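Structure file final.cif; described as mmCIF, C-alpha atoms.
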data_target
loop_
_atom_site.label_atom_id
_atom_site.label_comp_id
_atom_site.auth_asym_id
_atom_site.auth_seq_id
_atom_site.Cartn_x
_atom_site.Cartn_y
_atom_site.Cartn_z
CA MET A 1 15.02 -38.36 -91.17
CA ALA A 2 17.93 -40.84 -91.73
CA SER A 3 19.39 -42.40 -88.65
CA SER A 4 22.60 -41.04 -87.26
CA SER A 5 24.22 -44.31 -86.26
CA ALA A 6 27.63 -45.36 -85.14
CA ALA A 7 30.12 -47.39 -87.16
CA SER A 8 33.54 -48.79 -86.41
CA PRO A 9 36.35 -46.34 -87.34
CA SER A 10 38.29 -49.17 -88.97
CA ALA A 11 35.28 -50.15 -91.09
CA SER A 12 34.42 -46.74 -92.49
CA PRO A 13 35.75 -43.17 -92.58
CA VAL A 14 32.21 -41.94 -91.80
CA LEU A 15 31.06 -42.79 -88.26
CA CYS A 16 27.55 -41.37 -88.64
CA ALA A 17 25.39 -39.59 -91.19
CA SER A 18 21.98 -37.95 -91.00
CA PHE A 19 19.65 -35.76 -93.05
CA ASN A 20 17.69 -32.96 -91.41
CA GLN A 21 13.89 -33.10 -91.19
CA ASP A 22 13.17 -31.68 -94.67
CA ASN A 23 16.20 -33.36 -96.31
CA SER A 24 17.68 -30.04 -97.41
CA TRP A 25 20.81 -30.41 -95.24
CA PHE A 26 22.84 -33.31 -93.92
CA SER A 27 25.58 -33.98 -91.42
CA VAL A 28 28.44 -36.45 -91.22
CA GLY A 29 30.60 -37.38 -88.26
CA THR A 30 34.16 -38.73 -88.60
CA LYS A 31 37.01 -39.58 -86.25
CA ASP A 32 38.22 -36.00 -86.64
CA GLY A 33 34.98 -34.04 -86.15
CA PHE A 34 31.72 -33.28 -87.92
CA LYS A 35 30.57 -31.45 -91.06
CA LEU A 36 27.29 -29.89 -92.20
CA PHE A 37 26.39 -29.73 -95.90
CA ASP A 38 23.68 -28.07 -97.96
CA ALA A 39 22.23 -31.09 -99.79
CA ARG A 40 20.81 -28.95 -102.59
CA THR A 41 24.24 -27.70 -103.64
CA GLY A 42 26.65 -30.14 -102.01
CA ARG A 43 28.41 -27.18 -100.35
CA LEU A 44 30.16 -27.69 -97.01
CA CYS A 45 28.78 -24.94 -94.75
CA PHE A 46 30.14 -25.76 -91.29
CA GLU A 47 32.76 -28.03 -89.74
CA ARG A 48 34.48 -28.59 -86.44
CA ALA A 49 37.60 -30.75 -86.03
CA VAL A 50 37.42 -31.48 -82.31
CA GLY A 51 37.34 -35.30 -82.15
CA ALA A 52 35.22 -38.30 -83.08
CA PHE A 53 31.40 -38.13 -83.10
CA SER A 54 28.93 -41.02 -83.26
CA ILE A 55 25.75 -38.88 -83.51
CA VAL A 56 25.17 -35.51 -85.22
CA GLU A 57 21.51 -34.47 -85.65
CA MET A 58 20.21 -31.17 -87.03
CA LEU A 59 16.96 -29.31 -86.28
CA PHE A 60 15.77 -28.35 -89.78
CA SER A 61 18.09 -25.54 -91.00
CA THR A 62 18.53 -23.87 -87.61
CA ASN A 63 21.77 -23.39 -85.67
CA LEU A 64 20.86 -26.13 -83.19
CA LEU A 65 22.66 -29.50 -83.27
CA ALA A 66 22.39 -32.53 -81.03
CA ILE A 67 25.82 -34.20 -80.90
CA VAL A 68 27.28 -37.19 -79.07
CA GLY A 69 30.95 -38.12 -78.95
CA ALA A 70 32.28 -41.53 -79.97
CA GLY A 71 34.23 -41.91 -76.73
CA GLU A 72 37.70 -41.69 -78.22
CA GLN A 73 38.46 -38.55 -76.16
CA PRO A 74 37.57 -38.08 -72.46
CA SER A 75 35.62 -34.89 -73.25
CA LEU A 76 33.48 -36.65 -75.90
CA SER A 77 31.75 -39.30 -73.84
CA PRO A 78 29.11 -41.46 -75.58
CA ARG A 79 26.99 -40.94 -72.45
CA LYS A 80 26.79 -37.15 -72.89
CA LEU A 81 24.42 -35.34 -75.24
CA CYS A 82 25.45 -31.82 -76.17
CA LEU A 83 23.05 -29.27 -77.66
CA PHE A 84 25.40 -27.18 -79.76
CA ASN A 85 24.92 -23.74 -81.35
CA THR A 86 26.72 -23.53 -84.71
CA LEU A 87 26.38 -19.73 -84.76
CA THR A 88 28.31 -19.19 -81.54
CA GLY A 89 30.32 -22.41 -81.73
CA SER A 90 29.46 -23.25 -78.14
CA ALA A 91 27.37 -25.71 -76.12
CA LEU A 92 23.92 -24.56 -75.03
CA ARG A 93 23.21 -27.48 -72.69
CA GLU A 94 24.55 -30.90 -71.84
CA LEU A 95 22.58 -33.97 -70.74
CA ASN A 96 24.33 -36.90 -69.08
CA PHE A 97 23.16 -40.51 -68.98
CA LEU A 98 24.24 -43.67 -67.18
CA THR A 99 24.76 -45.66 -70.38
CA SER A 100 25.73 -44.87 -73.95
CA ILE A 101 23.38 -42.89 -76.16
CA ILE A 102 22.58 -44.95 -79.24
CA ALA A 103 20.28 -42.61 -81.18
CA VAL A 104 18.84 -39.08 -81.01
CA ARG A 105 15.85 -37.61 -82.85
CA LEU A 106 14.26 -34.18 -82.64
CA ASN A 107 11.66 -31.90 -84.13
CA ARG A 108 10.46 -28.46 -83.10
CA LYS A 109 8.62 -29.83 -80.06
CA ARG A 110 10.41 -32.91 -78.82
CA LEU A 111 13.87 -34.32 -78.21
CA ILE A 112 14.14 -38.13 -78.23
CA VAL A 113 17.12 -39.91 -76.64
CA VAL A 114 17.43 -43.66 -77.19
CA LEU A 115 19.51 -45.85 -74.86
CA GLN A 116 19.83 -49.63 -75.01
CA ASP A 117 16.73 -50.35 -72.91
CA LYS A 118 15.17 -46.93 -72.29
CA THR A 119 13.93 -44.06 -74.43
CA TYR A 120 13.55 -40.54 -73.01
CA ILE A 121 11.13 -37.94 -74.35
CA TYR A 122 12.05 -34.30 -73.60
CA ASP A 123 10.29 -31.04 -74.26
CA LEU A 124 12.80 -29.42 -76.60
CA ASN A 125 12.32 -25.87 -75.32
CA SER A 126 12.53 -26.52 -71.57
CA LEU A 127 14.46 -29.85 -71.71
CA VAL A 128 12.10 -31.25 -69.08
CA ILE A 129 11.74 -35.03 -69.20
CA LEU A 130 8.15 -35.73 -70.18
CA GLU A 131 8.26 -39.53 -70.34
CA THR A 132 10.58 -42.48 -69.96
CA ILE A 133 9.73 -45.59 -71.99
CA ASP A 134 11.18 -48.96 -70.98
CA THR A 135 11.98 -50.82 -74.20
CA VAL A 136 13.20 -54.20 -75.34
CA PRO A 137 16.98 -54.29 -75.84
CA ASN A 138 17.65 -51.92 -78.73
CA ASN A 139 21.38 -52.23 -79.32
CA LYS A 140 21.30 -50.47 -82.70
CA GLY A 141 19.12 -47.58 -81.55
CA LEU A 142 16.45 -48.37 -84.13
CA CYS A 143 13.65 -45.80 -84.09
CA ALA A 144 11.60 -43.52 -86.33
CA PHE A 145 10.29 -40.08 -85.43
CA SER A 146 7.77 -38.02 -87.35
CA PRO A 147 9.34 -34.70 -88.39
CA GLY A 148 6.10 -32.72 -88.06
CA SER A 149 5.05 -31.06 -84.81
CA GLU A 150 1.41 -32.17 -84.97
CA SER A 151 1.49 -35.96 -85.08
CA CYS A 152 4.86 -36.32 -83.30
CA TYR A 153 4.76 -40.11 -83.60
CA LEU A 154 7.66 -42.18 -82.32
CA ALA A 155 8.19 -45.78 -83.47
CA LEU A 156 10.27 -48.24 -81.44
CA PRO A 157 10.90 -51.99 -81.70
CA ALA A 158 8.48 -53.95 -79.49
CA SER A 159 10.21 -57.34 -79.76
CA THR A 160 13.65 -58.82 -80.24
CA THR A 161 12.34 -62.00 -81.89
CA LYS A 162 9.84 -60.62 -84.42
CA GLY A 163 9.15 -57.39 -86.30
CA SER A 164 6.69 -55.71 -83.95
CA VAL A 165 6.56 -51.91 -83.70
CA LEU A 166 5.30 -49.73 -80.85
CA ILE A 167 3.82 -46.41 -82.02
CA TYR A 168 3.87 -43.69 -79.35
CA ASN A 169 2.33 -40.20 -79.47
CA THR A 170 4.95 -37.88 -77.94
CA VAL A 171 2.49 -34.98 -77.59
CA ALA A 172 -0.34 -36.86 -75.88
CA LEU A 173 2.31 -39.05 -74.16
CA GLN A 174 0.44 -42.28 -74.78
CA SER A 175 0.75 -45.43 -76.82
CA VAL A 176 -1.15 -45.36 -80.13
CA CYS A 177 -0.88 -48.97 -81.29
CA GLN A 178 1.39 -51.92 -81.85
CA ILE A 179 1.93 -53.18 -85.40
CA ASP A 180 3.11 -56.72 -86.06
CA ALA A 181 4.94 -55.83 -89.25
CA HIS A 182 7.24 -58.80 -89.95
CA ARG A 183 8.08 -62.29 -88.75
CA SER A 184 11.74 -61.48 -88.12
CA PRO A 185 13.21 -58.52 -86.15
CA LEU A 186 13.23 -55.04 -87.65
CA VAL A 187 16.29 -53.32 -89.14
CA ALA A 188 14.80 -50.18 -90.71
CA MET A 189 11.70 -47.99 -90.45
CA ILE A 190 10.62 -44.47 -91.29
CA PHE A 191 7.50 -42.28 -91.12
CA SER A 192 6.08 -40.30 -94.01
CA SER A 193 6.45 -36.53 -93.56
CA SER A 194 2.99 -36.22 -91.98
CA GLY A 195 3.36 -39.32 -89.82
CA THR A 196 0.40 -40.96 -91.60
CA TYR A 197 2.38 -43.93 -92.92
CA LEU A 198 5.21 -46.05 -91.53
CA ALA A 199 7.51 -48.13 -93.74
CA THR A 200 9.33 -51.12 -92.23
CA ALA A 201 11.89 -53.74 -93.21
CA SER A 202 13.07 -56.81 -91.29
CA GLN A 203 16.35 -58.72 -91.06
CA GLN A 204 15.36 -60.81 -94.06
CA GLY A 205 15.05 -57.71 -96.24
CA THR A 206 12.94 -59.46 -98.87
CA ILE A 207 9.66 -57.66 -98.14
CA ILE A 208 9.15 -53.95 -97.41
CA ARG A 209 5.80 -53.02 -95.90
CA VAL A 210 3.93 -49.71 -95.58
CA HIS A 211 1.42 -49.32 -92.74
CA LEU A 212 -1.39 -46.83 -92.16
CA VAL A 213 -0.64 -45.72 -88.59
CA SER A 214 -4.14 -44.57 -87.60
CA GLN A 215 -5.59 -48.02 -88.31
CA ALA A 216 -2.48 -50.14 -87.60
CA THR A 217 -3.06 -51.82 -90.95
CA GLU A 218 -0.83 -52.77 -93.86
CA SER A 219 -1.45 -50.63 -96.94
CA TYR A 220 1.30 -51.86 -99.28
CA SER A 221 3.69 -54.77 -99.41
CA PHE A 222 6.59 -54.90 -101.86
CA ARG A 223 9.05 -57.67 -102.64
CA ARG A 224 12.57 -56.28 -102.84
CA GLY A 225 14.05 -59.59 -103.92
CA THR A 226 14.17 -63.32 -103.29
CA TYR A 227 17.47 -63.55 -101.41
CA PRO A 228 18.05 -61.86 -98.02
CA SER A 229 19.71 -58.45 -98.00
CA THR A 230 20.05 -55.87 -95.25
CA ILE A 231 17.95 -52.74 -95.80
CA TYR A 232 20.09 -49.82 -94.70
CA SER A 233 17.68 -46.94 -95.24
CA LEU A 234 14.12 -46.08 -96.31
CA SER A 235 12.52 -42.83 -97.48
CA PHE A 236 9.08 -41.66 -98.54
CA GLY A 237 8.48 -38.89 -101.04
CA PRO A 238 7.76 -35.46 -99.53
CA CYS A 239 3.98 -35.45 -100.22
CA ALA A 240 2.21 -35.01 -96.87
CA ASP A 241 -1.03 -36.78 -97.80
CA VAL A 242 -0.35 -39.90 -99.89
CA PRO A 243 3.32 -40.44 -100.78
CA GLU A 244 3.90 -41.48 -104.39
CA VAL A 245 7.27 -43.18 -104.01
CA LEU A 246 9.22 -45.14 -101.41
CA VAL A 247 12.95 -45.75 -101.87
CA ALA A 248 15.38 -48.08 -100.12
CA THR A 249 19.09 -48.87 -100.14
CA SER A 250 20.39 -52.33 -99.34
CA SER A 251 23.62 -54.17 -98.57
CA SER A 252 23.69 -55.43 -102.17
CA GLY A 253 24.56 -51.86 -103.20
CA SER A 254 21.29 -51.31 -105.07
CA LEU A 255 18.80 -48.45 -104.92
CA HIS A 256 15.16 -49.55 -105.00
CA ALA A 257 12.13 -47.39 -105.82
CA PHE A 258 8.56 -48.56 -105.22
CA LEU A 259 5.51 -46.73 -106.53
CA LEU A 260 2.68 -45.96 -104.09
CA GLY A 261 -0.82 -44.48 -104.08
CA SER A 262 -1.75 -42.43 -107.12
CA ALA A 263 1.51 -43.37 -108.84
CA ILE A 264 0.27 -46.98 -108.97
CA LYS A 265 -3.29 -46.11 -109.95
CA GLN A 266 -2.11 -44.07 -112.92
CA ARG A 267 -0.02 -46.99 -114.18
CA ARG A 268 -2.07 -49.99 -113.10
CA LYS A 269 -2.86 -52.60 -115.73
CA PRO A 270 -5.38 -55.04 -114.24
CA ASN A 271 -4.25 -58.63 -113.97
CA ARG A 272 -7.40 -60.69 -114.30
CA VAL A 273 -5.91 -63.73 -112.55
CA ILE A 274 -3.99 -62.17 -109.66
CA GLY A 275 -6.34 -59.23 -109.28
CA SER A 276 -9.34 -61.51 -108.85
CA LEU A 277 -7.69 -63.43 -106.02
CA ILE A 278 -5.64 -60.84 -104.12
CA PRO A 279 -6.58 -57.30 -103.00
CA ASP A 280 -4.69 -54.45 -104.70
CA THR A 281 -2.76 -53.47 -101.59
CA LEU A 282 -1.27 -56.96 -101.29
CA SER A 283 -0.94 -57.88 -104.97
CA ASP A 284 1.57 -55.01 -105.36
CA ALA A 285 4.13 -57.27 -103.65
CA PHE A 286 3.93 -59.65 -106.59
CA ASP A 287 3.94 -57.04 -109.35
CA HIS A 288 7.47 -56.04 -110.35
CA ALA A 289 6.10 -53.26 -112.57
CA TYR A 290 6.04 -50.93 -109.57
CA HIS A 291 9.61 -51.77 -108.51
CA HIS A 292 12.45 -49.89 -110.24
CA ILE A 293 16.06 -50.81 -109.42
CA LEU A 294 19.41 -49.12 -109.97
CA HIS A 295 22.29 -51.52 -109.31
CA ASN A 296 25.82 -50.74 -108.05
CA VAL A 297 24.91 -47.38 -106.56
CA VAL A 298 27.08 -48.13 -103.52
CA PRO A 299 29.78 -50.78 -103.01
CA ALA A 300 28.26 -53.92 -101.51
CA CYS A 301 27.95 -53.87 -97.69
CA VAL A 302 28.81 -50.16 -97.43
CA LYS A 303 26.16 -48.51 -95.25
CA SER A 304 24.13 -45.73 -96.84
CA HIS A 305 21.35 -43.23 -96.07
CA VAL A 306 18.78 -42.31 -98.72
CA ARG A 307 16.21 -39.52 -98.96
CA ILE A 308 13.77 -38.34 -101.61
CA TYR A 309 14.18 -34.59 -101.74
CA SER A 310 11.49 -33.74 -104.29
CA ILE A 311 9.03 -35.20 -106.79
CA ASP A 312 8.01 -33.10 -109.79
CA ASN A 313 5.59 -33.72 -112.64
CA ILE A 314 7.30 -33.75 -116.04
CA SER A 315 6.27 -33.69 -119.68
CA SER A 316 9.21 -34.69 -121.86
CA ALA A 317 7.29 -34.77 -125.13
CA PRO A 318 3.74 -34.30 -126.42
CA GLY A 319 1.60 -37.02 -124.88
CA VAL A 320 4.47 -38.27 -122.67
CA SER A 321 4.19 -37.34 -119.00
CA GLY A 322 5.21 -38.70 -115.63
CA PHE A 323 7.30 -37.62 -112.65
CA ARG A 324 10.92 -37.00 -111.69
CA ALA A 325 12.19 -37.89 -108.22
CA THR A 326 15.35 -36.23 -106.87
CA ILE A 327 17.09 -38.70 -104.57
CA PHE A 328 20.02 -38.01 -102.22
CA ILE A 329 22.35 -40.72 -100.90
CA ILE A 330 25.12 -40.50 -98.27
CA THR A 331 27.55 -43.42 -98.16
CA HIS A 332 29.76 -44.41 -95.25
CA ASN A 333 32.78 -44.60 -97.54
CA GLY A 334 32.54 -40.82 -97.79
CA TYR A 335 30.38 -39.78 -100.75
CA PHE A 336 27.19 -37.84 -101.37
CA ARG A 337 25.32 -38.55 -104.61
CA GLU A 338 22.26 -37.03 -106.22
CA TYR A 339 20.22 -39.21 -108.58
CA SER A 340 17.20 -38.49 -110.74
CA LEU A 341 14.56 -41.13 -111.34
CA ASN A 342 12.19 -40.46 -114.23
CA VAL A 343 9.04 -42.59 -114.51
CA THR A 344 6.51 -42.09 -117.28
CA LYS A 345 2.79 -42.83 -117.05
CA SER A 346 3.45 -45.92 -119.14
CA ASN A 347 5.81 -46.98 -116.29
CA GLU A 348 9.05 -46.67 -118.26
CA SER A 349 11.89 -45.55 -116.01
CA SER A 350 15.37 -44.08 -116.35
CA TRP A 351 18.04 -43.17 -113.79
CA SER A 352 20.81 -40.58 -113.96
CA LEU A 353 23.59 -39.51 -111.63
CA GLU A 354 23.40 -35.72 -111.34
CA ARG A 355 26.11 -34.97 -108.80
CA GLU A 356 28.79 -36.62 -106.67
CA VAL A 357 30.67 -34.99 -103.78
CA ASN A 358 33.63 -36.39 -101.87
CA LEU A 359 32.66 -35.56 -98.29
CA LEU A 360 36.07 -36.20 -96.77
CA ASP A 361 38.08 -33.94 -99.10
CA THR A 362 35.65 -31.02 -99.23
CA ILE A 363 36.97 -27.81 -97.69
CA SER A 364 34.67 -25.36 -95.94
CA ASN A 365 34.33 -21.75 -97.03
CA ASP A 366 33.45 -20.83 -93.44
CA PRO A 367 36.15 -18.40 -92.22
CA ASN A 368 35.49 -19.53 -88.64
#

Structure encoded using structure tokens:
Amino acid sequence: MASSSAASPSASPVLCASFNQDNSWFSVGTKDGFKLFDARTGRLCFERAVGAFSIVEMLFSTNLLAIVGAGEQPSLSPRKLCLFNTLTGSALRELNFLTSIIAVRLNRKRLIVVLQDKTYIYDLNSLVILETIDTVPNNKGLCAFSPGSESCYLALPASTTKGSVLIYNTVALQSVCQIDAHRSPLVAMIFSSSGTYLATASQQGTIIRVHLVSQATESYSFRRGTYPSTIYSLSFGPCADVPEVLVATSSSGSLHAFLLGSAIKQRRKPNRVIGSLIPDTLSDAFDHAYHHILHNVVPACVKSHVRIYSIDNISSAPGVSGFRATIFIITHNGYFREYSLNVTKSNESSWSLEREVNLLDTISNDPN
């Protein structure tokens, strides 16, 4: 799930944005309130104009929201988490903290609340605190949480000087491992849908790495580019076992797609020089054939959130087959876009913009 993170009102009309756990819905928070959209149609389904919100997180497609105010009104404190029922339009429960809430994550079992130097794990049904984790200073609320109820892995930064990640099992309530992912501090990370893999990016933004959580090992390493760029968002394809595609958005305004697993094997052309010296999982970082880029998707330095909604096998002509990825992007300048990426087995790719929605001008059909 994309992070719901705060932004300065003067810098962007969108203060926060977040997809739900299966990427079928998304939310945006503004200085005026929050809105919920069906990502599959772009339809605005719910909105409340009650003040500024810095965090709006959904629980799949249920009526439950976790919302945090931006602090511009006394009733919308950034230290108060409200569990809100969209069906009744009322608060179910409120949780108060001593310092500002920087990030919130949830699945059907757990509620995660991230503060600057502490992370709280709650049982979602009873709202009992199960564990409190003391963390390194985490001013941006960086975290990743597995959407499934079985693995329930939580990833948190383990260092402020390098890209180390702590993996925590929120069901067993114990640390799983620590992964030293990058030399510089982390800026983005996300689990695959099953929690099997974790993708990470550092402040440099030149290398994106994919790690097998159970073994704390690096499975893939991809070079995004030569010059530094901030990675705003990462997303795996929806396949629970071995994801086929990883996408990323960056401060350059580009959308990057990297092929993984079987997608690489079906298109691999052995390089006798590189392949003889470097294992497959690492040589992928040097092979641009598995990196497909769409430039100028977002204005440079405008924050964005990306998700792969679906991947489907296609056959466009006799003997020509491959896959189509449906990719959703929310931008902090107020737009939702749907792109299609088509990649053939011969590794030829094409992009197309399928839909664009102005999130700020959309009017709800909800009579309430």

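Separating CA of Tyr335 (chain A) from CA of Phe236 (chain A) is a distance of 21.5 Å.
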
Next on the checklist: Would you compute the distance between CA of Gln178 (chain A) and CA of Phe191 (chain A)? Give it in Å to one decimal.
Outcome noted: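 Separating CA of Gln178 (chain A) from CA of Phe191 (chain A) is a distance of 14.7 Å.
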
Next on the checklist: Starting from the PyMOL selection byres ((chain A and resi 227) around 10), expand the selection into actual residues of this file and give them as a count of residues only.
Outcome noted: 8

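Taking CA of Leu65 (chain A) as the reference point, CA of Ser175 (chain A) is found at 27.8 Å.
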
Next on the checklist: Using the chain letters and numbers from this file, what does the PyMOL selection byres ((chain A and resi 80-84) around 10) select? Give the answer as a PyMOL selection string.
Outcome noted: chain A and resi 55-58+63-71+75-79+85-101+104+113

Item to check | Among listed residues A:Leu124, A:Val50, A:Val242, A:Val165, nearest Tyr197 (chain A) (using all atoms listed in the file) | outcome: A:Val242

Checklist entry - Closest to Phe26 (chain A) among A:Thr331, A:Ser164, A:Ser349, A:Asn139, using all atoms listed in the file? => result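 Using all atoms listed in the file, Phe26 (chain A) sits closest to A:Thr331.
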
Item to check | Which of A:Val28, A:Leu353, A:Ile208, A:Val213 sits closest to Val14 (chain A) [using all atoms listed in the file] | outcome: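 Selected residue with least distance to Val14 (chain A): A:Val28.
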
Item to check | Residues in the PyMOL selection byres ((chain A and resi 193) around 9), expressed as a PyMOL selection string | outcome: chain A and resi 21-22+146-148+191-192+194-197+236-241+243

Next on the checklist: Applying 6 Å and all atoms listed in the file, which residues near Ala257 (chain A) remain after dropping the ones on its own chain fewer than 6 positions away? List them as a list in words.
Outcome noted: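 The residues satisfying every condition are Leu246, Val247, His291 and His292 of chain A.
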